[in-house]
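Participant: Input: one structure, supplied below.
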Amino acid sequence: MKFVDEYRDQAKAEALAQAIARITTKPWSIMEVCGGQTHSIVKYGIDELLPKHISLLHGPGCPVCVTPLELIDKALQIAVQPNVIFCSFGDMLRVPGSAGDLFSAKAKGADVRIVYSPLDALKLARDTPERQVVFFAVGFETTAPANAMAVFQAHAHQVSNFSILVSHVLVPPAITAILSAPDNRTQGFLAAGHVCTVMGFDAYLPLAKRFHVPIVVTGFEPVDILQGILMCVEQLEQGRAEVQNQYARSVQREGNRPAQQLMSQVFRVVARKWRGVGEIPNSGYSLRDTFAAYDAETRFDVAGYHVNEDSECIAGQVLRGVKKPKECPAFGARCTPDRPLGATMVSSEGACAAYYQYRRHEQTSGAAGKRS
Ligand code: SF4
């Protein structure tokens, strides 16, 4: 398949790994921001192709993983109310809240439905005006345009039985928080190509300068990731800290301007809580006053609900690259995909799920097979 096969080419991947090995003279720690990149790295064993000096840290770019416990609890509180149809992408259904998940709420009779677009949920609201239809709007900058469009259309067509539960987070403030932490280990970033397809990459320029870190906008296939790592290592070895674009087949510097305009029309930037990390200033979206009537937190009176995170789950440290999933005492024992303690074990982009799915917990050393 064009644009896929050539980016999974084994010979190209091995040549890139050899090029990285040739130029690496020191240990470097590089974080891939996106959970989709993490899954590619673990699935294809990219980390094991690299020189032993290169350490890949798994970042916070899994929207399901960083949705705070209290948002899951709010979703559950709304979903079980009579007359509500609660719509979500499928990956949120098994994320554990304080007492159960949306899947178990559905099993007990709540009308929880999987949809493939917020516009499907809006259509459902128009087709069933006697019911309240709520969409769980979770995601980074990638999913925000579609959610903004759903609210914009609901407002334009006065669909008053539609609302969204907003859990939108933004990448640049998360990078700032990671680099500002006293226990930070990250020296370079692979930024998420799909986020930059929407937002462009101007927002990363001041971060590269302020923290003196290279940031390479990178795609998701093995050749993309290895090329992104090569570009990052070249900068680190040469003492440069620039923003580069490996994913030029999708990303333009300015991003998708119409999508950005729609998002800023519907959303405003606010502080957001990140699961296991805490509140990060200016790190998420909330609906603007013009669209406040479509805010499910207000409509169902759950805005004031707060709860503390599970202390056993160390997902916050995993999402900041401080620890690997295998370093969690619960990994593969108390916490499995069948009985997860944290969202990173059930999300299709979660680092713990990737390590479990690709059986990293059965290997004696993640460094086995690395080049020296
Ligand atoms: S293995 Fe489970 S408990 Fe440990 S960090 Fe991952 S999700 Fe949390």
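Chain labels A, B, ... are given in the sequence in which chains occur in the structure tokens; within each chain residues are numbered consecutively from 1, and ligands are likewise numbered from 1 in the order shown.
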At a cut-off of 7 Å, using only C-alpha atoms, what residues contact A:Gly59? Leave out same-chain residues fewer than 5 positions from it and give the result as a list in words.
Facilitator: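 Everything that qualifies: Met31, Glu32, Val33, Cys34, Leu319, Arg320 and Gly321 of chain A.
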Participant: Counting only C-alpha atoms, what is within 7 Å of A:Val169, bar same-chain residues fewer than 3 positions away, as number ranges by chain?
Facilitator: A: 139-140, 283-285
Participant: Write out the residues from the selection above, keeping N, CA, C and O atoms, as a PDB file, in the first residue's frame.
Facilitator:
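The file below, out-v5.pdb, is the result:
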ATOM      1  N   GLY A 139      -9.394  13.871  23.843  1.00  0.00           N
ATOM      2  CA  GLY A 139      -8.351  13.851  22.814  1.00  0.00           C
ATOM      3  C   GLY A 139      -7.412  15.037  22.878  1.00  0.00           C
ATOM      4  O   GLY A 139      -7.595  15.980  23.655  1.00  0.00           O
ATOM      5  N   PHE A 140      -6.381  14.945  22.040  1.00  0.00           N
ATOM      6  CA  PHE A 140      -5.439  16.047  21.862  1.00  0.00           C
ATOM      7  C   PHE A 140      -5.949  16.969  20.750  1.00  0.00           C
ATOM      8  O   PHE A 140      -7.125  16.908  20.369  1.00  0.00           O
ATOM      9  N   SER A 283      -3.310  23.924  29.519  1.00  0.00           N
ATOM     10  CA  SER A 283      -2.996  22.659  28.841  1.00  0.00           C
ATOM     11  C   SER A 283      -4.210  21.964  28.242  1.00  0.00           C
ATOM     12  O   SER A 283      -4.130  20.796  27.881  1.00  0.00           O
ATOM     13  N   GLY A 284      -5.346  22.663  28.149  1.00  0.00           N
ATOM     14  CA  GLY A 284      -6.509  21.993  27.578  1.00  0.00           C
ATOM     15  C   GLY A 284      -7.554  22.970  27.101  1.00  0.00           C
ATOM     16  O   GLY A 284      -7.337  24.189  27.109  1.00  0.00           O
ATOM     17  N   TYR A 285      -8.656  22.418  26.650  1.00  0.00           N
ATOM     18  CA  TYR A 285      -9.748  23.236  26.130  1.00  0.00           C
ATOM     19  C   TYR A 285     -10.983  23.108  27.003  1.00  0.00           C
ATOM     20  O   TYR A 285     -11.240  22.067  27.628  1.00  0.00           O
TER      21      TYR A 285
END
Participant: Using only C-alpha atoms, which residues sit within 8 Å of A:Lys43 once same-chain residues fewer than 3 positions away are excluded, as a list in words?
Facilitator: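 Selected residues are His39, Ser40, Ile46, Ala354 and Tyr358 of chain A.
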Participant: So that each row is one residue of chain A with an atom at most 7 Å from ligand 1, can you give its shortest atom pair and the distance in Å to one decimal, using only C-alpha atoms and all ligand atoms, rows by chain and rising number, as JSON lines?
Facilitator:
{"residue": "A:Glu312", "atom": "CA", "partner": "ligand 1", "partner_atom_place_in_ligand_line": "3 (S)", "distance": 6.1}
{"residue": "A:Cys313", "atom": "CA", "partner": "ligand 1", "partner_atom_place_in_ligand_line": "3 (S)", "distance": 3.6}
{"residue": "A:Ile314", "atom": "CA", "partner": "ligand 1", "partner_atom_place_in_ligand_line": "5 (S)", "distance": 4.2}
{"residue": "A:Ala315", "atom": "CA", "partner": "ligand 1", "partner_atom_place_in_ligand_line": "5 (S)", "distance": 3.8}
{"residue": "A:Val318", "atom": "CA", "partner": "ligand 1", "partner_atom_place_in_ligand_line": "5 (S)", "distance": 6.3}
{"residue": "A:Pro325", "atom": "CA", "partner": "ligand 1", "partner_atom_place_in_ligand_line": "6 (Fe)", "distance": 5.5}
{"residue": "A:Cys328", "atom": "CA", "partner": "ligand 1", "partner_atom_place_in_ligand_line": "4 (Fe)", "distance": 4.6}
{"residue": "A:Pro329", "atom": "CA", "partner": "ligand 1", "partner_atom_place_in_ligand_line": "4 (Fe)", "distance": 6.7}
{"residue": "A:Ala330", "atom": "CA", "partner": "ligand 1", "partner_atom_place_in_ligand_line": "4 (Fe)", "distance": 5.1}
{"residue": "A:Phe331", "atom": "CA", "partner": "ligand 1", "partner_atom_place_in_ligand_line": "1 (S)", "distance": 3.7}
{"residue": "A:Gly332", "atom": "CA", "partner": "ligand 1", "partner_atom_place_in_ligand_line": "1 (S)", "distance": 6.7}
{"residue": "A:Cys335", "atom": "CA", "partner": "ligand 1", "partner_atom_place_in_ligand_line": "2 (Fe)", "distance": 4.6}
{"residue": "A:Thr336", "atom": "CA", "partner": "ligand 1", "partner_atom_place_in_ligand_line": "2 (Fe)", "distance": 6.8}
{"residue": "A:Pro340", "atom": "CA", "partner": "ligand 1", "partner_atom_place_in_ligand_line": "2 (Fe)", "distance": 5.9}
{"residue": "A:Leu341", "atom": "CA", "partner": "ligand 1", "partner_atom_place_in_ligand_line": "3 (S)", "distance": 4.8}
{"residue": "A:Gly342", "atom": "CA", "partner": "ligand 1", "partner_atom_place_in_ligand_line": "7 (S)", "distance": 3.6}
{"residue": "A:Ala343", "atom": "CA", "partner": "ligand 1", "partner_atom_place_in_ligand_line": "7 (S)", "distance": 5.6}
{"residue": "A:Thr344", "atom": "CA", "partner": "ligand 1", "partner_atom_place_in_ligand_line": "7 (S)", "distance": 4.5}
{"residue": "A:Met345", "atom": "CA", "partner": "ligand 1", "partner_atom_place_in_ligand_line": "7 (S)", "distance": 4.4}
{"residue": "A:Cys352", "atom": "CA", "partner": "ligand 1", "partner_atom_place_in_ligand_line": "6 (Fe)", "distance": 4.8}
Participant: Can you measure atom CA of A:Tyr116 to atom CA of A:Phe136 for me? One decimal in Å is fine.
Facilitator: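 Distance between the two atoms: 11.6 Å.
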Participant: Run DSSP on the backbone and grab whatever in stretch 139-349 of chain A lands in helix (DSSP H, G or I); send it over as a PyMOL selection string.
Facilitator: chain A and resi 144-156+171-180+193-199+202-211+222-238+257-266+289-294+296-299+315-319+325-327+343-345
Participant: Quote the spacing between atom CA of A:Ala125 and atom CA of A:Asp111 in Å to one decimal place.
Facilitator: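 Between these atoms lies a distance of 13.4 Å.
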Participant: List as number ranges by chain the protein and nucleic acid residues near A:Lys26, meaning an atom at most 12 Å away when only C-alpha atoms are counted, but skip any in the same chain fewer than 3 places from it.
Facilitator: A: 20-23, 29, 51-55, 187, 233-234, 236-239, 372
Participant: For those residues, write N, CA, C and O atoms to a file as a PDB file, in the first residue's frame.
Facilitator:
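To be explicit, this is the file written out as selection_28.pdb:
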ATOM      1  N   ILE A  20      22.260   5.718  12.699  1.00  0.00           N
ATOM      2  CA  ILE A  20      22.174   6.231  14.080  1.00  0.00           C
ATOM      3  C   ILE A  20      23.364   5.708  14.888  1.00  0.00           C
ATOM      4  O   ILE A  20      24.018   6.457  15.621  1.00  0.00           O
ATOM      5  N   ALA A  21      23.653   4.416  14.736  1.00  0.00           N
ATOM      6  CA  ALA A  21      24.772   3.816  15.491  1.00  0.00           C
ATOM      7  C   ALA A  21      26.093   4.491  15.121  1.00  0.00           C
ATOM      8  O   ALA A  21      26.948   4.719  15.994  1.00  0.00           O
ATOM      9  N   ARG A  22      26.265   4.823  13.838  1.00  0.00           N
ATOM     10  CA  ARG A  22      27.536   5.421  13.392  1.00  0.00           C
ATOM     11  C   ARG A  22      27.792   6.779  14.028  1.00  0.00           C
ATOM     12  O   ARG A  22      28.939   7.119  14.326  1.00  0.00           O
ATOM     13  N   ILE A  23      26.722   7.561  14.246  1.00  0.00           N
ATOM     14  CA  ILE A  23      26.950   8.934  14.723  1.00  0.00           C
ATOM     15  C   ILE A  23      26.830   9.079  16.236  1.00  0.00           C
ATOM     16  O   ILE A  23      27.093  10.143  16.787  1.00  0.00           O
ATOM     17  N   SER A  29      18.704  10.414  25.772  1.00  0.00           N
ATOM     18  CA  SER A  29      17.336   9.980  26.085  1.00  0.00           C
ATOM     19  C   SER A  29      16.361  10.808  25.259  1.00  0.00           C
ATOM     20  O   SER A  29      16.325  12.038  25.377  1.00  0.00           O
ATOM     21  N   PRO A  51      21.435   1.727  19.068  1.00  0.00           N
ATOM     22  CA  PRO A  51      22.612   1.552  19.912  1.00  0.00           C
ATOM     23  C   PRO A  51      22.223   1.598  21.384  1.00  0.00           C
ATOM     24  O   PRO A  51      21.251   2.277  21.742  1.00  0.00           O
ATOM     25  N   LYS A  52      22.978   0.913  22.214  1.00  0.00           N
ATOM     26  CA  LYS A  52      22.584   0.822  23.626  1.00  0.00           C
ATOM     27  C   LYS A  52      22.611   2.188  24.320  1.00  0.00           C
ATOM     28  O   LYS A  52      21.992   2.378  25.361  1.00  0.00           O
ATOM     29  N   HIS A  53      23.333   3.151  23.729  1.00  0.00           N
ATOM     30  CA  HIS A  53      23.386   4.494  24.328  1.00  0.00           C
ATOM     31  C   HIS A  53      22.082   5.262  24.162  1.00  0.00           C
ATOM     32  O   HIS A  53      21.866   6.267  24.837  1.00  0.00           O
ATOM     33  N   ILE A  54      21.226   4.837  23.212  1.00  0.00           N
ATOM     34  CA  ILE A  54      19.989   5.596  22.957  1.00  0.00           C
ATOM     35  C   ILE A  54      18.853   4.988  23.765  1.00  0.00           C
ATOM     36  O   ILE A  54      18.519   3.814  23.614  1.00  0.00           O
ATOM     37  N   SER A  55      18.252   5.809  24.603  1.00  0.00           N
ATOM     38  CA  SER A  55      17.121   5.350  25.409  1.00  0.00           C
ATOM     39  C   SER A  55      15.860   6.062  24.933  1.00  0.00           C
ATOM     40  O   SER A  55      15.838   7.291  24.825  1.00  0.00           O
ATOM     41  N   GLN A 187      16.023  14.505  26.668  1.00  0.00           N
ATOM     42  CA  GLN A 187      16.963  15.450  26.033  1.00  0.00           C
ATOM     43  C   GLN A 187      16.545  15.842  24.620  1.00  0.00           C
ATOM     44  O   GLN A 187      17.093  16.770  24.043  1.00  0.00           O
ATOM     45  N   VAL A 233      19.217  12.687  16.994  1.00  0.00           N
ATOM     46  CA  VAL A 233      20.569  12.362  17.462  1.00  0.00           C
ATOM     47  C   VAL A 233      21.608  13.255  16.771  1.00  0.00           C
ATOM     48  O   VAL A 233      22.568  13.716  17.401  1.00  0.00           O
ATOM     49  N   GLU A 234      21.395  13.517  15.471  1.00  0.00           N
ATOM     50  CA  GLU A 234      22.319  14.427  14.765  1.00  0.00           C
ATOM     51  C   GLU A 234      22.377  15.767  15.496  1.00  0.00           C
ATOM     52  O   GLU A 234      23.462  16.323  15.733  1.00  0.00           O
ATOM     53  N   LEU A 236      21.555  16.417  18.674  1.00  0.00           N
ATOM     54  CA  LEU A 236      22.139  16.267  20.013  1.00  0.00           C
ATOM     55  C   LEU A 236      23.661  16.175  19.929  1.00  0.00           C
ATOM     56  O   LEU A 236      24.385  16.816  20.702  1.00  0.00           O
ATOM     57  N   GLU A 237      24.142  15.383  18.993  1.00  0.00           N
ATOM     58  CA  GLU A 237      25.600  15.205  18.858  1.00  0.00           C
ATOM     59  C   GLU A 237      26.284  16.504  18.446  1.00  0.00           C
ATOM     60  O   GLU A 237      27.434  16.750  18.807  1.00  0.00           O
ATOM     61  N   GLN A 238      25.568  17.350  17.688  1.00  0.00           N
ATOM     62  CA  GLN A 238      26.159  18.610  17.205  1.00  0.00           C
ATOM     63  C   GLN A 238      25.843  19.793  18.127  1.00  0.00           C
ATOM     64  O   GLN A 238      26.188  20.928  17.822  1.00  0.00           O
ATOM     65  N   GLY A 239      25.103  19.528  19.234  1.00  0.00           N
ATOM     66  CA  GLY A 239      24.773  20.599  20.174  1.00  0.00           C
ATOM     67  C   GLY A 239      23.726  21.565  19.653  1.00  0.00           C
ATOM     68  O   GLY A 239      23.623  22.696  20.134  1.00  0.00           O
ATOM     69  N   SER A 372      25.855  -2.256  20.044  1.00  0.00           N
ATOM     70  CA  SER A 372      26.681  -1.475  20.955  1.00  0.00           C
ATOM     71  C   SER A 372      27.382  -0.370  20.180  1.00  0.00           C
ATOM     72  O   SER A 372      27.307  -0.310  18.975  1.00  0.00           O
TER      73      SER A 372
END
Participant: Step one, run DSSP on the backbone; step two, keep only residues of stretch 234-362 of chain A assigned to strand (DSSP E); then write them as a ChimeraX atom specification.
Facilitator: /A:243-245,267-274,278-287
Participant: Rounded to one decimal in Å, what is the spacing between atom CA of A:Met199 and atom CA of A:Gly255?
Facilitator: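 Separating atom CA of A:Met199 from atom CA of A:Gly255 is a distance of 4.7 Å.
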